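**Q** For reference, the file final.txt (compact mmCIF, C-alpha atoms (C1' of nucleotides)) is included below:
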```txt
# COMPACT_ATOMS: atom_id res chain seq x y z
CA MET L 795 89.29 100.71 80.29
CA ALA L 796 90.64 97.26 80.98
CA ARG L 797 91.31 95.13 77.89
CA TYR L 798 93.43 92.31 79.20
CA LYS L 799 92.37 89.62 81.62
CA VAL L 800 94.66 90.88 84.41
CA GLY L 801 93.24 94.36 83.98
CA LEU L 802 89.69 93.11 84.49
CA GLU L 803 90.78 91.15 87.54
CA THR L 804 92.41 94.23 89.00
CA GLN L 805 89.26 96.20 88.31
CA GLY L 806 87.31 93.62 90.29
CA LYS L 807 89.78 93.75 93.15
CA ILE L 808 89.53 97.52 93.28
CA LEU L 809 85.74 97.51 93.35
CA GLU L 810 85.65 94.83 96.02
CA ALA L 811 88.19 96.74 98.12
CA THR L 812 86.22 99.94 97.64
CA ARG L 813 82.99 98.26 98.68
CA ARG L 814 84.59 96.84 101.78
CA LEU L 815 86.21 100.12 102.76
CA LEU L 816 83.02 102.07 102.18
CA SER L 817 81.44 99.73 104.69
CA GLU L 818 84.26 100.11 107.15
CA VAL L 819 85.10 103.79 107.07
CA GLY L 820 82.32 105.37 105.03
CA PHE L 821 81.94 107.56 102.02
CA GLU L 822 83.87 110.52 103.33
CA ALA L 823 86.84 108.81 104.90
CA ILE L 824 87.71 106.41 102.10
CA THR L 825 91.10 106.99 100.46
CA VAL L 826 92.79 105.81 97.30
CA LYS L 827 95.75 104.64 99.35
CA ALA L 828 93.52 102.44 101.49
CA ILE L 829 91.71 101.05 98.45
CA CYS L 830 95.05 100.15 96.85
CA ALA L 831 96.34 98.54 100.03
CA GLN L 832 93.14 96.54 100.40
CA ALA L 833 93.25 95.49 96.75
CA GLY L 834 96.96 94.66 96.94
CA ILE L 835 97.95 97.03 94.14
CA GLN L 836 99.74 100.34 93.69
CA ALA L 837 98.23 103.76 93.09
CA GLY L 838 99.43 103.81 89.47
CA SER L 839 97.42 100.68 88.76
CA PHE L 840 94.33 102.23 90.24
CA TYR L 841 94.64 105.27 88.01
CA ASN L 842 95.24 103.11 84.99
CA LEU L 843 91.70 101.79 85.41
CA PHE L 844 89.79 104.62 87.12
CA ALA L 845 90.10 108.28 86.24
CA THR L 846 89.33 109.45 89.78
CA LYS L 847 88.60 108.09 93.22
CA ASP L 848 84.99 109.12 92.86
CA GLU L 849 84.58 106.99 89.77
CA ALA L 850 85.34 103.85 91.76
CA VAL L 851 83.27 104.95 94.74
CA LEU L 852 80.26 105.90 92.64
CA THR L 853 80.38 102.62 90.76
CA VAL L 854 80.16 100.74 94.03
CA VAL L 855 77.48 102.99 95.48
CA ARG L 856 75.35 102.69 92.37
CA ASP L 857 75.40 98.93 92.82
CA ALA L 858 74.64 99.28 96.52
CA ILE L 859 71.61 101.42 95.78
CA SER L 860 70.39 98.91 93.21
CA ALA L 861 70.57 96.27 95.92
CA PHE L 862 67.93 98.22 97.83
CA ASP L 863 65.43 97.96 94.99
CA PRO L 864 62.49 95.91 96.24
CA ASP L 865 61.97 93.22 93.64
CA PRO L 866 61.90 95.11 90.34
CA GLU L 867 59.91 92.22 88.88
CA GLY L 868 57.04 93.11 91.25
CA THR L 869 54.51 90.28 91.25
CA GLY L 870 52.09 92.47 93.22
CA ASN L 871 51.31 89.89 95.87
CA ASP L 872 53.43 91.20 98.71
CA THR L 873 52.10 92.72 101.93
CA VAL L 874 53.25 95.78 103.82
CA GLU L 875 54.56 93.49 106.52
CA SER L 876 56.61 91.47 104.05
CA LEU L 877 58.02 94.63 102.50
CA VAL L 878 58.97 95.95 105.92
CA ASN L 879 60.52 92.61 106.82
CA ALA L 880 62.48 92.67 103.59
CA TYR L 881 63.78 96.11 104.49
CA THR L 882 64.73 95.35 108.08
CA GLY L 883 66.07 91.96 107.05
CA PHE L 884 68.29 93.49 104.43
CA VAL L 885 69.51 96.32 106.64
CA THR L 886 70.29 94.08 109.59
CA LYS L 887 71.84 91.41 107.40
CA ASP L 888 74.04 93.82 105.46
CA PRO L 889 74.37 96.86 107.74
CA GLU L 890 77.25 98.35 105.81
CA LEU L 891 75.19 98.73 102.68
CA GLY L 892 72.46 100.43 104.65
CA ARG L 893 74.97 102.81 106.12
CA VAL L 894 76.38 103.70 102.74
CA TYR L 895 72.88 104.31 101.46
CA ALA L 896 71.97 106.57 104.36
CA GLN L 897 75.25 108.41 104.02
CA MET L 898 74.73 108.96 100.34
CA ALA L 899 71.20 110.15 100.93
CA VAL L 900 72.34 112.79 103.38
CA THR L 901 75.70 113.88 102.07
CA ALA L 902 76.18 113.05 98.45
CA ALA L 903 72.65 113.38 97.16
CA LEU L 904 72.78 117.13 97.31
CA THR L 905 76.17 117.59 95.73
CA GLN L 906 76.06 114.83 93.13
CA ASP L 907 73.18 115.61 90.80
CA HIS L 908 72.91 112.29 89.02
CA LEU L 909 72.90 110.40 92.32
CA ALA L 910 70.30 112.70 93.84
CA GLY L 911 67.96 111.87 90.98
CA ARG L 912 68.57 108.16 91.34
CA ILE L 913 67.98 108.17 95.07
CA GLN L 914 64.80 110.19 94.75
CA ARG L 915 63.38 108.04 91.95
CA HIS L 916 64.26 104.94 93.89
CA HIS L 917 62.46 106.25 96.94
CA GLU L 918 59.33 107.22 95.03
CA GLN L 919 59.10 103.80 93.43
CA ARG L 920 59.33 102.27 96.83
CA VAL L 921 56.58 104.47 98.25
CA GLU L 922 54.36 103.40 95.36
CA ARG L 923 55.09 99.77 96.01
CA PHE L 924 54.32 100.07 99.72
CA THR L 925 51.21 102.10 99.03
CA SER L 926 49.71 99.59 96.62
CA ALA L 927 50.33 96.81 99.12
CA TYR L 928 48.71 98.90 101.84
CA VAL L 929 45.66 99.72 99.70
CA ARG L 930 45.30 96.05 98.85
CA GLU L 931 45.17 95.24 102.56
CA HIS L 932 43.08 98.23 103.62
CA PRO L 933 40.65 98.95 100.79
CA ALA L 934 38.65 101.27 103.05
CA VAL L 935 41.53 103.73 103.42
CA PRO L 936 41.62 106.44 100.74
CA SER L 937 44.71 106.06 98.59
CA SER L 938 45.94 109.57 99.38
CA LEU L 939 45.95 108.81 103.10
CA ALA L 940 47.55 105.46 102.31
CA GLY L 941 50.28 107.30 100.40
CA HIS L 942 50.90 109.64 103.31
CA ARG L 943 51.07 106.77 105.72
CA MET L 944 53.53 104.83 103.61
CA GLU L 945 55.67 107.92 103.13
CA ILE L 946 55.82 108.14 106.89
CA LEU L 947 56.52 104.45 107.24
CA LEU L 948 59.44 104.61 104.85
CA GLY L 949 60.78 107.77 106.43
CA ALA L 950 60.58 106.06 109.77
CA LEU L 951 62.27 102.92 108.46
CA ASN L 952 65.14 104.98 107.10
CA GLY L 953 65.42 106.90 110.34
CA LEU L 954 65.27 103.75 112.43
CA SER L 955 67.89 102.04 110.30
CA ILE L 956 70.23 104.97 110.85
CA ARG L 957 69.49 104.79 114.55
CA TRP L 958 70.26 101.08 114.43
CA SER L 959 73.52 101.57 112.55
CA ILE L 960 74.67 103.94 115.31
CA ASP L 961 73.46 101.69 118.11
CA PRO L 962 73.35 98.00 117.12
CA THR L 963 71.53 97.10 120.34
CA PHE L 964 68.54 99.05 119.07
CA ASP L 965 65.75 96.63 118.18
CA ILE L 966 64.84 97.93 114.77
CA CYS L 967 62.61 94.93 113.94
CA ALA L 968 60.41 95.37 117.01
CA HIS L 969 60.04 99.08 116.39
CA ALA L 970 59.26 98.51 112.73
CA SER L 971 56.57 95.98 113.66
CA LEU L 972 54.99 98.35 116.14
CA MET L 973 55.07 101.04 113.49
CA VAL L 974 53.19 98.81 111.06
CA ASP L 975 50.61 98.12 113.74
CA GLU L 976 50.16 101.80 114.47
CA LEU L 977 49.58 102.53 110.79
CA SER L 978 47.12 99.69 110.34
CA THR L 979 44.32 101.27 112.33
CA THR L 980 41.76 102.08 109.69
CA PRO L 981 40.32 105.53 110.66
CA MET S 1015 87.89 130.70 127.40
CA ALA S 1016 87.39 134.33 126.52
CA ARG S 1017 87.67 136.74 129.47
CA TYR S 1018 88.12 140.13 127.82
CA LYS S 1019 85.59 141.97 125.70
CA VAL S 1020 87.59 141.58 122.48
CA GLY S 1021 87.85 137.85 123.10
CA LEU S 1022 84.10 137.50 123.39
CA GLU S 1023 83.64 139.53 120.23
CA THR S 1024 86.05 137.30 118.36
CA GLN S 1025 84.21 134.25 119.67
CA GLY S 1026 81.01 135.70 118.25
CA LYS S 1027 82.65 136.40 114.90
CA ILE S 1028 83.95 132.84 114.72
CA LEU S 1029 80.56 131.31 115.50
CA GLU S 1030 78.82 133.55 113.00
CA ALA S 1031 81.37 132.66 110.32
CA THR S 1032 81.03 128.97 111.14
CA ARG S 1033 77.24 129.16 110.96
CA ARG S 1034 77.38 130.88 107.61
CA LEU S 1035 79.93 128.50 106.16
CA LEU S 1036 78.08 125.43 107.42
CA SER S 1037 75.04 126.66 105.53
CA GLU S 1038 77.05 127.42 102.43
CA VAL S 1039 79.40 124.48 102.09
CA GLY S 1040 78.23 121.94 104.65
CA PHE S 1041 79.79 119.88 107.35
CA GLU S 1042 82.19 117.94 105.15
CA ALA S 1043 83.69 120.92 103.35
CA ILE S 1044 84.09 123.48 106.10
CA THR S 1045 87.69 124.42 106.96
CA VAL S 1046 89.35 126.35 109.75
CA LYS S 1047 91.06 128.52 107.16
CA ALA S 1048 87.72 129.49 105.64
CA ILE S 1049 86.20 130.17 109.05
CA CYS S 1050 89.13 132.46 109.92
CA ALA S 1051 88.95 134.28 106.59
CA GLN S 1052 85.21 134.79 107.01
CA ALA S 1053 85.68 136.01 110.58
CA GLY S 1054 88.61 138.24 109.61
CA ILE S 1055 91.03 136.66 112.06
CA GLN S 1056 94.09 134.41 112.00
CA ALA S 1057 94.24 130.71 112.80
CA GLY S 1058 96.03 131.33 116.07
CA SER S 1059 93.13 133.42 117.30
CA PHE S 1060 90.72 130.66 116.45
CA TYR S 1061 92.69 128.16 118.48
CA ASN S 1062 92.99 130.58 121.35
CA LEU S 1063 89.22 130.28 121.76
CA PHE S 1064 88.32 126.83 120.40
CA ALA S 1065 90.25 123.66 121.02
CA THR S 1066 89.26 122.07 117.71
CA LYS S 1067 87.29 122.79 114.58
CA ASP S 1068 84.59 120.39 115.71
CA GLU S 1069 84.06 122.38 118.88
CA ALA S 1070 83.02 125.42 116.87
CA VAL S 1071 80.84 123.35 114.55
CA LEU S 1072 79.12 121.54 117.41
CA THR S 1073 78.49 124.80 119.23
CA VAL S 1074 76.75 126.22 116.19
CA VAL S 1075 74.58 123.17 115.64
CA ARG S 1076 73.68 122.91 119.31
CA ASP S 1077 72.73 126.59 119.47
CA ALA S 1078 70.61 126.26 116.35
CA ILE S 1079 68.71 123.38 117.91
CA SER S 1080 68.26 125.23 121.19
CA ALA S 1081 66.83 128.18 119.31
CA PHE S 1082 63.78 126.06 118.49
CA ASP S 1083 63.40 124.50 121.88
CA PRO S 1084 59.82 125.10 123.01
CA ASP S 1085 60.88 124.87 126.64
CA PRO S 1086 64.50 125.95 127.00
CA GLU S 1087 64.16 126.28 130.75
CA GLY S 1088 63.04 122.67 131.00
CA THR S 1089 59.97 123.44 133.07
CA GLY S 1090 58.31 120.30 131.77
CA ASN S 1091 55.37 122.05 130.11
CA ASP S 1092 56.11 121.19 126.48
CA THR S 1093 53.87 118.94 124.46
CA VAL S 1094 54.75 116.30 121.89
CA GLU S 1095 53.27 118.55 119.23
CA SER S 1096 55.42 121.51 120.29
CA LEU S 1097 58.51 119.33 120.35
CA VAL S 1098 57.75 118.04 116.87
CA ASN S 1099 57.14 121.58 115.67
CA ALA S 1100 60.46 122.59 117.17
CA TYR S 1101 62.15 119.86 115.18
CA THR S 1102 60.48 120.61 111.86
CA GLY S 1103 60.95 124.32 112.50
CA PHE S 1104 64.64 123.84 112.97
CA VAL S 1105 65.01 121.70 109.88
CA THR S 1106 62.90 123.80 107.54
CA LYS S 1107 64.04 127.23 108.67
CA ASP S 1108 67.69 126.58 108.01
CA PRO S 1109 67.72 123.62 105.61
CA GLU S 1110 71.46 123.51 105.28
CA LEU S 1111 71.95 123.45 109.01
CA GLY S 1112 69.25 120.81 109.26
CA ARG S 1113 71.14 118.83 106.70
CA VAL S 1114 74.32 119.25 108.70
CA TYR S 1115 72.52 117.88 111.71
CA ALA S 1116 71.27 114.84 109.81
CA GLN S 1117 74.70 114.37 108.33
CA MET S 1118 76.26 114.39 111.73
CA ALA S 1119 73.77 111.81 112.90
CA VAL S 1120 74.59 109.50 110.01
CA THR S 1121 78.19 110.16 109.15
CA ALA S 1122 80.05 111.84 111.94
CA ALA S 1123 78.67 109.42 114.47
CA LEU S 1124 80.16 106.53 112.57
CA THR S 1125 83.52 107.94 111.64
CA GLN S 1126 84.38 110.17 114.58
CA ASP S 1127 84.33 108.53 117.96
CA HIS S 1128 84.14 111.63 120.10
CA LEU S 1129 81.17 112.87 118.12
CA ALA S 1130 79.41 109.52 118.20
CA GLY S 1131 79.01 109.61 121.98
CA ARG S 1132 77.72 113.15 121.97
CA ILE S 1133 75.19 112.48 119.25
CA GLN S 1134 73.91 109.32 120.87
CA ARG S 1135 73.54 111.05 124.23
CA HIS S 1136 71.74 113.90 122.55
CA HIS S 1137 69.34 111.47 120.92
CA GLU S 1138 68.63 109.61 124.13
CA GLN S 1139 67.94 112.84 126.00
CA ARG S 1140 65.54 113.80 123.29
CA VAL S 1141 63.72 110.48 123.44
CA GLU S 1142 63.31 110.99 127.19
CA ARG S 1143 62.00 114.48 126.67
CA PHE S 1144 59.47 113.34 124.06
CA THR S 1145 58.45 110.39 126.18
CA SER S 1146 57.75 112.42 129.30
CA ALA S 1147 55.68 114.86 127.25
CA TYR S 1148 53.77 111.95 125.74
CA VAL S 1149 53.14 110.32 129.11
CA ARG S 1150 51.92 113.64 130.45
CA GLU S 1151 49.41 113.83 127.61
CA HIS S 1152 48.47 110.14 127.60
CA PRO S 1153 48.63 108.95 131.20
CA ALA S 1154 46.80 105.75 130.26
CA VAL S 1155 49.62 104.55 128.00
CA PRO S 1156 52.29 102.49 129.77
CA SER S 1157 55.60 104.31 129.79
CA SER S 1158 57.41 101.47 128.01
CA LEU S 1159 54.98 101.67 125.09
CA ALA S 1160 55.28 105.44 125.21
CA GLY S 1161 59.06 105.10 124.97
CA HIS S 1162 58.76 102.81 121.98
CA ARG S 1163 56.38 105.17 120.26
CA MET S 1164 58.60 108.19 120.81
CA GLU S 1165 61.62 106.27 119.60
CA ILE S 1166 59.67 105.58 116.43
CA LEU S 1167 58.52 109.17 116.19
CA LEU S 1168 62.06 110.50 116.41
CA GLY S 1169 63.36 107.90 113.99
CA ALA S 1170 60.62 108.92 111.61
CA LEU S 1171 61.36 112.62 112.05
CA ASN S 1172 65.00 112.01 111.22
CA GLY S 1173 64.05 109.92 108.20
CA LEU S 1174 61.52 112.48 107.02
CA SER S 1175 63.97 115.33 107.40
CA ILE S 1176 66.46 113.52 105.24
CA ARG S 1177 63.70 112.89 102.72
CA TRP S 1178 62.92 116.57 102.82
CA SER S 1179 66.53 117.63 102.37
CA ILE S 1180 66.62 115.57 99.18
CA ASP S 1181 63.25 116.81 97.96
CA PRO S 1182 62.35 120.28 99.30
CA THR S 1183 58.81 119.98 97.90
CA PHE S 1184 58.17 117.20 100.39
CA ASP S 1185 55.76 118.46 103.05
CA ILE S 1186 57.59 117.36 106.14
CA CYS S 1187 55.33 119.33 108.50
CA ALA S 1188 52.14 117.67 107.25
CA HIS S 1189 53.67 114.24 107.47
CA ALA S 1190 55.01 114.92 110.93
CA SER S 1191 51.56 116.07 112.09
CA LEU S 1192 49.91 112.96 110.70
CA MET S 1193 52.55 110.90 112.42
CA VAL S 1194 51.74 112.52 115.76
CA ASP S 1195 48.05 111.79 115.18
CA GLU S 1196 48.73 108.15 114.37
CA LEU S 1197 50.73 107.75 117.56
CA SER S 1198 48.12 109.43 119.71
CA THR S 1199 45.60 106.61 119.53
CA THR S 1200 45.56 105.24 123.01
CA PRO S 1201 45.39 101.43 122.62
C1' DG J 579 108.10 83.82 68.85
C1' DT J 580 107.41 88.72 68.02
C1' DC J 581 106.16 93.07 69.49
C1' DA J 582 102.89 96.69 70.15
C1' DA J 583 99.44 97.46 73.45
C1' DT J 584 98.37 97.06 78.10
C1' DT J 585 99.36 96.73 82.93
C1' DT J 586 102.21 97.44 87.01
C1' DT J 587 105.50 99.49 89.80
C1' DT J 588 108.28 103.00 91.87
C1' DA J 589 108.98 107.21 93.13
C1' DG J 590 107.54 110.94 93.13
C1' DT J 591 104.56 116.22 92.90
C1' DA J 592 101.63 119.54 94.50
C1' DT J 593 98.34 120.80 97.60
C1' DA J 594 95.34 121.15 101.45
C1' DC J 595 94.49 120.26 105.96
C1' DA J 596 94.22 120.84 111.28
C1' DC J 597 96.80 122.61 114.46
C1' DT J 598 101.11 125.02 117.09
C1' DC J 599 104.09 128.48 119.03
C1' DA J 600 106.94 132.29 120.13
C1' DA J 601 106.79 137.01 119.70
C1' DT J 602 103.96 141.04 119.88
C1' DT J 603 100.07 143.84 121.02
C1' DT J 604 96.01 144.85 123.67
C1' DT J 605 93.21 144.84 127.70
C1' DG J 606 91.46 146.25 132.16
C1' DA J 607 91.76 145.75 137.23
C1' DA J 608 94.48 147.89 140.75
C1' DT N 997 100.10 154.49 135.29
C1' DT N 998 101.39 149.85 135.84
C1' DC N 999 101.65 145.19 134.46
C1' DA N 1000 100.14 140.47 134.38
C1' DA N 1001 96.80 138.19 131.94
C1' DA N 1002 94.55 137.75 127.64
C1' DA N 1003 94.39 138.18 122.78
C1' DT N 1004 96.42 138.37 118.22
C1' DT N 1005 99.52 137.60 114.73
C1' DG N 1006 101.96 135.20 111.14
C1' DA N 1007 105.04 132.02 110.05
C1' DG N 1008 105.42 127.40 110.66
C1' DT N 1009 104.87 122.02 111.52
C1' DG N 1010 103.64 117.60 110.25
C1' DT N 1011 100.64 114.83 107.92
C1' DA N 1012 97.61 113.18 104.60
C1' DT N 1013 95.56 113.69 100.36
C1' DA N 1014 94.59 112.88 95.12
C1' DC N 1015 96.96 112.21 91.42
C1' DT N 1016 101.19 111.71 87.88
C1' DA N 1017 104.98 109.99 85.02
C1' DA N 1018 108.46 107.27 83.29
C1' DA N 1019 110.28 102.95 83.17
C1' DA N 1020 109.80 98.06 83.60
C1' DA N 1021 107.10 93.97 83.17
C1' DT N 1022 103.35 91.41 81.23
C1' DT N 1023 99.92 90.09 77.92
C1' DG N 1024 97.99 88.07 73.84
C1' DA N 1025 96.76 88.70 68.76
C1' DC N 1026 99.21 87.58 64.88
```
Once more with this new file: its structure as structure tokens, please.

**A**
Amino acid sequence: MARYKVGLETQGKILEATRRLLSEVGFEAITVKAICAQAGIQAGSFYNLFATKDEAVLTVVRDAISAFDPDPEGTGNDTVESLVNAYTGFVTKDPELGRVYAQMAVTAALTQDHLAGRIQRHHEQRVERFTSAYVREHPAVPSSLAGHRMEILLGALNGLSIRWSIDPTFDICAHASLMVDELSTTP
Amino acid sequence: MARYKVGLETQGKILEATRRLLSEVGFEAITVKAICAQAGIQAGSFYNLFATKDEAVLTVVRDAISAFDPDPEGTGNDTVESLVNAYTGFVTKDPELGRVYAQMAVTAALTQDHLAGRIQRHHEQRVERFTSAYVREHPAVPSSLAGHRMEILLGALNGLSIRWSIDPTFDICAHASLMVDELSTTP
DNA sequence: GTCAATTTTTAGTATACACTCAATTTTGAA
DNA sequence: TTCAAAATTGAGTGTATACTAAAAATTGAC
């Protein structure tokens, strides 16, 4: 634990370097050596502040996941379209964070128990948020069907964002819009 | 390339060991050493038959996917529903292998160049396959719209399968069916 | 200004990995 | 039976990894 000013600064440098490298090379390819090079420090300094590589990586990823949280304040006035736009806007504006999230969801969630729980809780909250917006807009649709539809919508958004991260020419926004249209037919 | 009987047998042992280990430890943790131990052979034998570790892994994943192909001969008689069932069947029958597949789509594609091309090509072929099935079933829908819809469907399937790998109680088949229904409305 | 606590550096260790190669054994067509 | 091609072995290479330790330098409460 850092106690002096320089120690806290170094901690910040390490986390920033880790964040950047996670974006560049991903969760599985990141190395302590690269983090240290990026932060402009030596390995010994890293291990003076973090017990393991994973500790630094998980700290960054936790923050990245938090960044995906759709407005925890929740005023309750948003629409499905605005929520979708927020998602696609965020993913396309900060693709690296989206990548890290997708990577964590697929690879780390199953091996890191505490992260799996976080990711799942986060997802369920988001489904609820989308569902209540959908029900507000389509009062005729039973809430169970609404829930199913929003589960699909979010699954699709995640899948499309992965597709987009692999192929940046893929028009995720257009596909997301079409998806919203498809799911807005009342029957 | 194996030409003698023993060589073909060894090839089979290697693929079986790879399949088993992929299920047990996953894409990121599998090693050539472990594959060889599981197969009861030495590393040199492995490399006599496979150029790289990835070649064995890719062969296993590709075979697993083919096993659920509703129309392996490519006679053009498959339906969107059968293709979707093939996908969910693949993912739910061997969850770990399904996870490996998703992982490859997210991670390997971004960190390993040679895999990225293969995965993207595989995806595009699949979109074409889904689209032609869709057009066959819905001749009234313009093929460009059909393409968009199938791109969404596959994105959603990928997203839902990741969701399912995190939460095995998630009913991926029901959601996939509903998704097909939603995308079958002609307008 | 002192000096113990903290931070940084330097120079490692140990280990695991994918992959190679020359020597040896096995195969199977003739 | 012969023998070249194929298969196997087992020791080995080089490289990269996470992590450590001791010494030197820096910090900041007093």

**Q** Compute the set of chain S residues within 9 Å of chain J, using all atoms listed in the file, and express it as a ChimeraX atom specification.

**A** /S:1018-1020,1045-1046,1057-1058,1061,1066-1067

**Q** Quick one: residues within 12 Å of segment 1105-1110 of chain S, only C-alpha atoms (C1' of nucleotides), excluding same-chain residues fewer than 3 positions away - as a ChimeraX atom specification?

**A** /L:900-901,904 /S:1033-1041,1075,1078-1079,1081-1082,1098-1102,1113-1117,1171-1187

**Q** Return the Cα root-mean-square deviation, in Å, for chain S superposed on chain L by least squares with the Cα atoms paired in order.

**A** 2.7 Å

**Q** I'd like to know which of S:Phe1064, S:Ala1048, S:Gln1056, S:Gly1131 is closest to chain N, using all atoms listed in the file.

**A**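 Closest candidate: S:Gln1056.
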
**Q** Pick out the chain N residues within 12 Å of chain L. Count all atoms listed in the file. Give them as JSON, numbers by chain.

**A** {"N": [1012, 1013, 1014, 1015, 1016, 1017, 1018, 1022, 1023, 1024, 1025]}

**Q** Between atom CA of Met1118 of chain S and atom CA of Thr853 of chain L, what is the spacing in Å?

**A**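 Answer for the atom CA of Thr853 of chain L to atom CA of Met1118 of chain S separation: 24.4 Å.
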
**Q** So, counting only C-alpha atoms, which residue among S:Glu1023, S:Glu1042, S:Glu1151, S:Glu1030 is closest to chain L?

**A**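 Closest residue, counting only C-alpha atoms: S:Glu1042.
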
**Q** Tell me, in Å to one decimal, how far atom CA of Phe924 of chain L is from atom CA of Thr873 of chain L.

**A**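 Separation between atom CA of Phe924 of chain L and atom CA of Thr873 of chain L: 8.0 Å.
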
**Q** Out of L:Leu977, L:Val851, L:Ile829, L:Met795, which residue has the shortest atom-to-atom distance to Val935 of chain L when counting only C-alpha atoms?

**A**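 Checking each candidate against Val935 of chain L, we get L:Leu977 as the closest.
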